[in-house]
Amino acid sequence: MRKLILLLLFIPLAGFGQNSKIKDFKITILSTMLSDTHIGEWGFSAMIEADGQRILFDTGSREKTVIQNAKELKINLDNIDNVFLSHNHKDHTGGLINLKLNHPTSFSNAHIGEGIFYSRPNSTGNDHYILNNKNTLDELGINFKTHQNPSQVMPGLWTTGQIPRKYDEKNWSELGKMVDSNGNIVEDTIPEDQSLFFDTDNGIVLISGCGHAGLINTLDYVKKIIPNRPIYKIIGGFHLLNLNEKKLEWTAKKMEEFGVKFFVGAHCTGLNSTYSIRNFMNLSSKNALVGSVGTYITNQGIFPGYME
């Protein structure tokens, strides 16, 4: 039995090496709390373009945020087959229904982590936004593809699947409850949390929604999936906003060990936390900054827009 488990764990890791690196990419933030001429909100979404492919990462919080910002940024949301949902929270899933209604040729496949539809008991009941709306999403023709292990969601683009919690980062509230697969009410550790990544000639690029599994846990796991490669660009929400300086310094030093050279902290990363990370890593404002709506990264670097 043990040999079978080890084999199953090895299969997705071995499969990674058979895929070529992404040559050209652009990641544009469509939802986050900071904005200039666009709509800001407490949520996250980003458009990922990679070698002619497109996938929407998370869908923001409010129904129209991503649609309006994409329109203003001249990003076409039609004919995008795949959407990636990092975890269950409404600030990452709230725009999905309206996106599908307004772009019926898109978002037929939603890539989710195992556990996203677990019941979350609270004072108002057992449901949460995406669980409460699952029937509507099914009726709209969205096919949910569940990931537990690292797997390829599109050529060259990979999900981490569920991320082992090696380090005690605990990037969640520690107050929520969920009903696990055995029917037990346990602490909601947001087990479905997943990030998306791809390799390039210069190293790995990572996109995170909130990083509830822990930023360093995520980097550590990606490093195991693709050994001997730097993780050189990371962008998204990393839930560092409540960390003290000692923990931020530890996080920064670990990021250096993994090879991070470019850091865009959006959504729940925290303004002061992002600046602290930049200082601890001795990065310039060109390499590490707070992401706003319209900020994008490519092979060439980070393009912050007016919020620079």
# chains A, B, ... in the order shown; residues from 1 in each chain; ligands from 1

call {"tool": "select_by_dssp", "arguments": {"residues": "stretch 113-303 of chain A", "states": "strand (DSSP E)", "output": "PyMOL selection string"}}
result
chain A and resi 113+143-147+151-154+157-159+177-179+185-187+196-200+203-208+231-237+262-266+288-290+296-298+301-303

call {"tool": "residues_around", "arguments": {"residues": "A:Asn244", "least_positions_apart": "6", "cutoff": "12 Å", "atoms": "only C-alpha atoms", "output": "list in words"}}
result
Trp250, Thr251, Gly270, Asn272, Ser273, Ser276 and Ile277 of chain A

call {"tool": "closest_atom_pairs", "arguments": {"of": "stretch 165-268 of chain A", "to": "stretch 42-66 of chain A", "cutoff": "10 Å", "atoms": "only C-alpha atoms", "output": "Markdown table"}}
result
| residue | atom | partner | partner_atom | distance |
| --- | --- | --- | --- | --- |
| A:Ser195 | CA | A:Phe57 | CA | 9.3 |
| A:Leu196 | CA | A:Phe57 | CA | 8.4 |
| A:Phe198 | CA | A:Ala50 | CA | 9.2 |
| A:Ile207 | CA | A:Phe57 | CA | 8.3 |
| A:Ser208 | CA | A:Phe57 | CA | 8.7 |
| A:Gly209 | CA | A:Phe44 | CA | 6.5 |
| A:Cys210 | CA | A:Phe44 | CA | 8.4 |
| A:Ile235 | CA | A:Ala46 | CA | 9.5 |
| A:Gly236 | CA | A:Phe44 | CA | 7.7 |
| A:Gly237 | CA | A:Phe44 | CA | 7.4 |
| A:Ala266 | CA | A:Phe44 | CA | 7.9 |
| A:His267 | CA | A:Phe44 | CA | 6.1 |
| A:Cys268 | CA | A:Trp42 | CA | 8.0 |

call {"tool": "closest_atom_pairs", "arguments": {"of": "stretch 151-245 of chain A", "to": "stretch 295-302 of chain A", "cutoff": "10 Å", "atoms": "only C-alpha atoms", "output": "Markdown table"}}
result
| residue | atom | partner | partner_atom | distance |
| --- | --- | --- | --- | --- |
| A:Thr200 | CA | A:Asn299 | CA | 8.7 |
| A:Asp201 | CA | A:Asn299 | CA | 9.4 |
| A:Asn202 | CA | A:Asn299 | CA | 8.4 |
| A:Val205 | CA | A:Asn299 | CA | 9.8 |
| A:Lys233 | CA | A:Ile297 | CA | 8.8 |
| A:Ile234 | CA | A:Ile297 | CA | 9.5 |
| A:Ile235 | CA | A:Ile297 | CA | 8.4 |

call {"tool": "closest_residue", "arguments": {"among": "A:Asn69, A:Asn184, A:Ser151, A:Asn88", "to": "A:Thr37", "atoms": "only C-alpha atoms"}}
result
A:Asn69

call {"tool": "residues_around", "arguments": {"residues": "A:Asn279", "least_positions_apart": "3", "cutoff": "12 Å", "atoms": "only C-alpha atoms", "output": "MDAnalysis selection string"}}
result
chainID A and resid 245 248:249 252:253 263 272:276 282:285 287:289

call {"tool": "write_last_selection", "arguments": {"atoms": "N, CA and C atoms", "output": "PDB file, in the first residue's frame"}}
result
ATOM      1  N   GLU A 245       7.017  41.743  12.538  1.00  0.00           N
ATOM      2  CA  GLU A 245       8.256  41.958  11.802  1.00  0.00           C
ATOM      3  C   GLU A 245       9.163  40.726  11.819  1.00  0.00           C
ATOM      4  N   LEU A 248       7.801  38.351   9.290  1.00  0.00           N
ATOM      5  CA  LEU A 248       8.002  38.889   7.946  1.00  0.00           C
ATOM      6  C   LEU A 248       9.455  38.737   7.511  1.00  0.00           C
ATOM      7  N   GLU A 249      10.371  38.938   8.453  1.00  0.00           N
ATOM      8  CA  GLU A 249      11.788  38.769   8.120  1.00  0.00           C
ATOM      9  C   GLU A 249      12.084  37.309   7.782  1.00  0.00           C
ATOM     10  N   ALA A 252      10.759  36.661   4.343  1.00  0.00           N
ATOM     11  CA  ALA A 252      11.615  37.279   3.323  1.00  0.00           C
ATOM     12  C   ALA A 252      12.882  36.462   3.089  1.00  0.00           C
ATOM     13  N   LYS A 253      13.490  35.998   4.152  1.00  0.00           N
ATOM     14  CA  LYS A 253      14.727  35.215   4.004  1.00  0.00           C
ATOM     15  C   LYS A 253      14.452  33.899   3.285  1.00  0.00           C
ATOM     16  N   PHE A 263       8.382  40.509  -6.778  1.00  0.00           N
ATOM     17  CA  PHE A 263       7.309  40.240  -5.818  1.00  0.00           C
ATOM     18  C   PHE A 263       6.222  41.302  -5.957  1.00  0.00           C
ATOM     19  N   ASN A 272       1.999  47.482   4.422  1.00  0.00           N
ATOM     20  CA  ASN A 272       3.224  47.532   5.214  1.00  0.00           C
ATOM     21  C   ASN A 272       4.006  46.230   5.102  1.00  0.00           C
ATOM     22  N   SER A 273       3.282  45.106   5.024  1.00  0.00           N
ATOM     23  CA  SER A 273       3.967  43.812   4.910  1.00  0.00           C
ATOM     24  C   SER A 273       4.756  43.732   3.609  1.00  0.00           C
ATOM     25  N   THR A 274       4.173  44.242   2.535  1.00  0.00           N
ATOM     26  CA  THR A 274       4.867  44.224   1.244  1.00  0.00           C
ATOM     27  C   THR A 274       6.126  45.076   1.299  1.00  0.00           C
ATOM     28  N   TYR A 275       6.014  46.259   1.909  1.00  0.00           N
ATOM     29  CA  TYR A 275       7.190  47.121   2.025  1.00  0.00           C
ATOM     30  C   TYR A 275       8.249  46.495   2.934  1.00  0.00           C
ATOM     31  N   SER A 276       7.822  45.841   4.004  1.00  0.00           N
ATOM     32  CA  SER A 276       8.777  45.183   4.901  1.00  0.00           C
ATOM     33  C   SER A 276       9.515  44.069   4.178  1.00  0.00           C
ATOM     34  N   ASN A 282      16.043  43.482   0.309  1.00  0.00           N
ATOM     35  CA  ASN A 282      16.872  44.471  -0.395  1.00  0.00           C
ATOM     36  C   ASN A 282      16.506  44.568  -1.874  1.00  0.00           C
ATOM     37  N   LEU A 283      15.211  44.524  -2.157  1.00  0.00           N
ATOM     38  CA  LEU A 283      14.734  44.663  -3.522  1.00  0.00           C
ATOM     39  C   LEU A 283      14.376  46.117  -3.800  1.00  0.00           C
ATOM     40  N   SER A 284      14.431  46.515  -5.046  1.00  0.00           N
ATOM     41  CA  SER A 284      14.077  47.879  -5.422  1.00  0.00           C
ATOM     42  C   SER A 284      12.567  47.988  -5.629  1.00  0.00           C
ATOM     43  N   SER A 285      12.094  49.218  -5.768  1.00  0.00           N
ATOM     44  CA  SER A 285      10.677  49.438  -6.028  1.00  0.00           C
ATOM     45  C   SER A 285      10.265  48.940  -7.405  1.00  0.00           C
ATOM     46  N   ASN A 287      11.194  45.978  -8.447  1.00  0.00           N
ATOM     47  CA  ASN A 287      11.117  44.525  -8.327  1.00  0.00           C
ATOM     48  C   ASN A 287      10.106  44.036  -7.293  1.00  0.00           C
ATOM     49  N   ALA A 288       9.721  44.904  -6.372  1.00  0.00           N
ATOM     50  CA  ALA A 288       8.775  44.503  -5.330  1.00  0.00           C
ATOM     51  C   ALA A 288       7.848  45.671  -5.028  1.00  0.00           C
ATOM     52  N   LEU A 289       6.566  45.454  -5.190  1.00  0.00           N
ATOM     53  CA  LEU A 289       5.614  46.544  -4.995  1.00  0.00           C
ATOM     54  C   LEU A 289       4.219  46.007  -4.687  1.00  0.00           C
TER      55      LEU A 289
END

call {"tool": "residues_around", "arguments": {"residues": "stretch 137-145 of chain A", "least_positions_apart": "4", "cutoff": "7 Å", "atoms": "only C-alpha atoms", "output": "ChimeraX atom specification"}}
result
/A:97,107-112,133

call {"tool": "closest_residue", "arguments": {"among": "A:His239, A:Pro104, A:Gly305, A:Ile204", "to": "A:Phe258", "atoms": "only C-alpha atoms"}}
result
A:Ile204

call {"tool": "select_by_dssp", "arguments": {"residues": "stretch 5-125 of chain A", "states": "helix (DSSP H, G or I)", "output": "ChimeraX atom specification"}}
result
/A:5-16,65-72,90-93,96-102

call {"tool": "atom_distance", "arguments": {"atom1": "atom CA of A:Leu243", "atom2": "atom CA of A:Tyr129"}}
result
27.5 Å

call {"tool": "atom_distance", "arguments": {"atom1": "atom CA of A:Ser119", "atom2": "atom CA of A:Ile185"}}
result
9.2 Å

call {"tool": "closest_residue", "arguments": {"among": "A:Val153, A:Ala213, A:Leu34, A:Ile231", "to": "A:Asp81", "atoms": "only C-alpha atoms"}}
result
A:Val153

call {"tool": "closest_residue", "arguments": {"among": "A:Ile27, A:Ile163, A:Leu131, A:Ile67", "to": "A:His212", "atoms": "only C-alpha atoms"}}
result
A:Ile163

call {"tool": "residues_around", "arguments": {"residues": "A:Pro121", "least_positions_apart": "5", "cutoff": "9 Å", "atoms": "only C-alpha atoms", "output": "list in words"}}
result
Asn126, Asp127, His128, Gly176, Lys177, Met178, Val179 and Ile185 of chain A

call {"tool": "decode", "arguments": {"residues": "stretch 278-294 of chain A", "atoms": "all heavy atoms", "output": "PDB file, in the first residue's frame"}}
result
ATOM      1  N   ARG A 278      10.045  43.851   1.014  1.00  0.00           N
ATOM      2  CA  ARG A 278      10.966  44.488   0.057  1.00  0.00           C
ATOM      3  C   ARG A 278      12.250  44.928   0.747  1.00  0.00           C
ATOM      4  O   ARG A 278      13.351  44.705   0.224  1.00  0.00           O
ATOM      5  CB  ARG A 278      10.277  45.685  -0.603  1.00  0.00           C
ATOM      6  CG  ARG A 278      11.142  46.362  -1.655  1.00  0.00           C
ATOM      7  CD  ARG A 278      10.323  47.341  -2.465  1.00  0.00           C
ATOM      8  NE  ARG A 278      10.054  48.576  -1.760  1.00  0.00           N
ATOM      9  CZ  ARG A 278       9.226  49.534  -2.196  1.00  0.00           C
ATOM     10  NH1 ARG A 278       8.555  49.345  -3.334  1.00  0.00           N
ATOM     11  NH2 ARG A 278       9.045  50.636  -1.517  1.00  0.00           N
ATOM     12  N   ASN A 279      12.110  45.515   1.926  1.00  0.00           N
ATOM     13  CA  ASN A 279      13.296  45.985   2.650  1.00  0.00           C
ATOM     14  C   ASN A 279      14.149  44.823   3.132  1.00  0.00           C
ATOM     15  O   ASN A 279      15.383  44.860   3.018  1.00  0.00           O
ATOM     16  CB  ASN A 279      12.869  46.858   3.830  1.00  0.00           C
ATOM     17  CG  ASN A 279      12.278  48.180   3.393  1.00  0.00           C
ATOM     18  OD1 ASN A 279      12.573  48.675   2.299  1.00  0.00           O
ATOM     19  ND2 ASN A 279      11.415  48.762   4.225  1.00  0.00           N
ATOM     20  N   PHE A 280      13.508  43.793   3.669  1.00  0.00           N
ATOM     21  CA  PHE A 280      14.262  42.643   4.174  1.00  0.00           C
ATOM     22  C   PHE A 280      15.013  41.930   3.044  1.00  0.00           C
ATOM     23  O   PHE A 280      16.086  41.361   3.265  1.00  0.00           O
ATOM     24  CB  PHE A 280      13.328  41.654   4.874  1.00  0.00           C
ATOM     25  CG  PHE A 280      12.888  42.084   6.244  1.00  0.00           C
ATOM     26  CD1 PHE A 280      11.548  42.036   6.600  1.00  0.00           C
ATOM     27  CD2 PHE A 280      13.817  42.529   7.185  1.00  0.00           C
ATOM     28  CE1 PHE A 280      11.136  42.424   7.865  1.00  0.00           C
ATOM     29  CE2 PHE A 280      13.402  42.920   8.458  1.00  0.00           C
ATOM     30  CZ  PHE A 280      12.058  42.869   8.799  1.00  0.00           C
ATOM     31  N   MET A 281      14.452  41.961   1.833  1.00  0.00           N
ATOM     32  CA  MET A 281      15.078  41.288   0.694  1.00  0.00           C
ATOM     33  C   MET A 281      15.993  42.206  -0.104  1.00  0.00           C
ATOM     34  O   MET A 281      16.603  41.771  -1.085  1.00  0.00           O
ATOM     35  CB  MET A 281      13.990  40.709  -0.229  1.00  0.00           C
ATOM     36  CG  MET A 281      13.162  39.601   0.404  1.00  0.00           C
ATOM     37  SD  MET A 281      11.918  38.922  -0.729  1.00  0.00           S
ATOM     38  CE  MET A 281      12.979  38.047  -1.897  1.00  0.00           C
ATOM     39  N   ASN A 282      16.043  43.482   0.309  1.00  0.00           N
ATOM     40  CA  ASN A 282      16.872  44.471  -0.395  1.00  0.00           C
ATOM     41  C   ASN A 282      16.506  44.568  -1.874  1.00  0.00           C
ATOM     42  O   ASN A 282      17.377  44.695  -2.747  1.00  0.00           O
ATOM     43  CB  ASN A 282      18.360  44.138  -0.238  1.00  0.00           C
ATOM     44  CG  ASN A 282      18.836  44.263   1.186  1.00  0.00           C
ATOM     45  OD1 ASN A 282      18.544  45.249   1.862  1.00  0.00           O
ATOM     46  ND2 ASN A 282      19.545  43.252   1.665  1.00  0.00           N
ATOM     47  N   LEU A 283      15.211  44.524  -2.157  1.00  0.00           N
ATOM     48  CA  LEU A 283      14.734  44.663  -3.522  1.00  0.00           C
ATOM     49  C   LEU A 283      14.376  46.117  -3.800  1.00  0.00           C
ATOM     50  O   LEU A 283      14.027  46.868  -2.887  1.00  0.00           O
ATOM     51  CB  LEU A 283      13.509  43.777  -3.762  1.00  0.00           C
ATOM     52  CG  LEU A 283      13.734  42.269  -3.694  1.00  0.00           C
ATOM     53  CD1 LEU A 283      12.406  41.525  -3.808  1.00  0.00           C
ATOM     54  CD2 LEU A 283      14.700  41.799  -4.782  1.00  0.00           C
ATOM     55  N   SER A 284      14.431  46.515  -5.046  1.00  0.00           N
ATOM     56  CA  SER A 284      14.077  47.879  -5.422  1.00  0.00           C
ATOM     57  C   SER A 284      12.567  47.988  -5.629  1.00  0.00           C
ATOM     58  O   SER A 284      11.853  46.983  -5.696  1.00  0.00           O
ATOM     59  CB  SER A 284      14.794  48.282  -6.705  1.00  0.00           C
ATOM     60  OG  SER A 284      14.207  47.610  -7.819  1.00  0.00           O
ATOM     61  N   SER A 285      12.094  49.218  -5.768  1.00  0.00           N
ATOM     62  CA  SER A 285      10.677  49.438  -6.028  1.00  0.00           C
ATOM     63  C   SER A 285      10.265  48.940  -7.405  1.00  0.00           C
ATOM     64  O   SER A 285       9.068  48.806  -7.689  1.00  0.00           O
ATOM     65  CB  SER A 285      10.346  50.931  -5.905  1.00  0.00           C
ATOM     66  OG  SER A 285      11.110  51.690  -6.840  1.00  0.00           O
ATOM     67  N   LYS A 286      11.220  48.665  -8.262  1.00  0.00           N
ATOM     68  CA  LYS A 286      10.927  48.105  -9.580  1.00  0.00           C
ATOM     69  C   LYS A 286      10.690  46.596  -9.512  1.00  0.00           C
ATOM     70  O   LYS A 286      10.069  46.019 -10.404  1.00  0.00           O
ATOM     71  CB  LYS A 286      12.087  48.376 -10.552  1.00  0.00           C
ATOM     72  CG  LYS A 286      12.400  49.851 -10.774  1.00  0.00           C
ATOM     73  CD  LYS A 286      11.261  50.564 -11.481  1.00  0.00           C
ATOM     74  CE  LYS A 286      11.630  52.022 -11.775  1.00  0.00           C
ATOM     75  NZ  LYS A 286      10.498  52.753 -12.419  1.00  0.00           N
ATOM     76  N   ASN A 287      11.194  45.978  -8.447  1.00  0.00           N
ATOM     77  CA  ASN A 287      11.117  44.525  -8.327  1.00  0.00           C
ATOM     78  C   ASN A 287      10.106  44.036  -7.293  1.00  0.00           C
ATOM     79  O   ASN A 287       9.700  42.875  -7.335  1.00  0.00           O
ATOM     80  CB  ASN A 287      12.491  43.957  -7.957  1.00  0.00           C
ATOM     81  CG  ASN A 287      13.479  44.018  -9.092  1.00  0.00           C
ATOM     82  OD1 ASN A 287      13.665  45.072  -9.685  1.00  0.00           O
ATOM     83  ND2 ASN A 287      14.104  42.908  -9.419  1.00  0.00           N
ATOM     84  N   ALA A 288       9.721  44.904  -6.372  1.00  0.00           N
ATOM     85  CA  ALA A 288       8.775  44.503  -5.330  1.00  0.00           C
ATOM     86  C   ALA A 288       7.848  45.671  -5.028  1.00  0.00           C
ATOM     87  O   ALA A 288       8.309  46.758  -4.661  1.00  0.00           O
ATOM     88  CB  ALA A 288       9.521  44.079  -4.070  1.00  0.00           C
ATOM     89  N   LEU A 289       6.566  45.454  -5.190  1.00  0.00           N
ATOM     90  CA  LEU A 289       5.614  46.544  -4.995  1.00  0.00           C
ATOM     91  C   LEU A 289       4.219  46.007  -4.687  1.00  0.00           C
ATOM     92  O   LEU A 289       3.944  44.816  -4.836  1.00  0.00           O
ATOM     93  CB  LEU A 289       5.576  47.448  -6.231  1.00  0.00           C
ATOM     94  CG  LEU A 289       5.421  46.786  -7.606  1.00  0.00           C
ATOM     95  CD1 LEU A 289       3.974  46.489  -7.926  1.00  0.00           C
ATOM     96  CD2 LEU A 289       5.999  47.690  -8.690  1.00  0.00           C
ATOM     97  N   VAL A 290       3.358  46.907  -4.256  1.00  0.00           N
ATOM     98  CA  VAL A 290       1.958  46.580  -4.015  1.00  0.00           C
ATOM     99  C   VAL A 290       1.218  46.573  -5.346  1.00  0.00           C
ATOM    100  O   VAL A 290       1.286  47.547  -6.100  1.00  0.00           O
ATOM    101  CB  VAL A 290       1.312  47.600  -3.050  1.00  0.00           C
ATOM    102  CG1 VAL A 290      -0.177  47.299  -2.876  1.00  0.00           C
ATOM    103  CG2 VAL A 290       2.020  47.583  -1.699  1.00  0.00           C
ATOM    104  N   GLY A 291       0.530  45.498  -5.645  1.00  0.00           N
ATOM    105  CA  GLY A 291      -0.195  45.401  -6.905  1.00  0.00           C
ATOM    106  C   GLY A 291      -1.519  46.132  -6.855  1.00  0.00           C
ATOM    107  O   GLY A 291      -2.209  46.137  -5.833  1.00  0.00           O
ATOM    108  N   SER A 292      -1.888  46.767  -7.948  1.00  0.00           N
ATOM    109  CA  SER A 292      -3.181  47.439  -8.070  1.00  0.00           C
ATOM    110  C   SER A 292      -3.875  46.921  -9.325  1.00  0.00           C
ATOM    111  O   SER A 292      -3.299  46.187 -10.118  1.00  0.00           O
ATOM    112  CB  SER A 292      -2.995  48.954  -8.152  1.00  0.00           C
ATOM    113  OG  SER A 292      -2.246  49.309  -9.303  1.00  0.00           O
ATOM    114  N   VAL A 293      -5.142  47.288  -9.494  1.00  0.00           N
ATOM    115  CA  VAL A 293      -5.869  46.883 -10.693  1.00  0.00           C
ATOM    116  C   VAL A 293      -5.137  47.415 -11.923  1.00  0.00           C
ATOM    117  O   VAL A 293      -4.841  48.606 -12.012  1.00  0.00           O
ATOM    118  CB  VAL A 293      -7.319  47.411 -10.672  1.00  0.00           C
ATOM    119  CG1 VAL A 293      -8.025  47.078 -11.985  1.00  0.00           C
ATOM    120  CG2 VAL A 293      -8.081  46.818  -9.497  1.00  0.00           C
ATOM    121  N   GLY A 294      -4.813  46.539 -12.849  1.00  0.00           N
ATOM    122  CA  GLY A 294      -4.090  46.923 -14.050  1.00  0.00           C
ATOM    123  C   GLY A 294      -2.603  46.643 -13.990  1.00  0.00           C
ATOM    124  O   GLY A 294      -1.933  46.640 -15.030  1.00  0.00           O
TER     125      GLY A 294
END
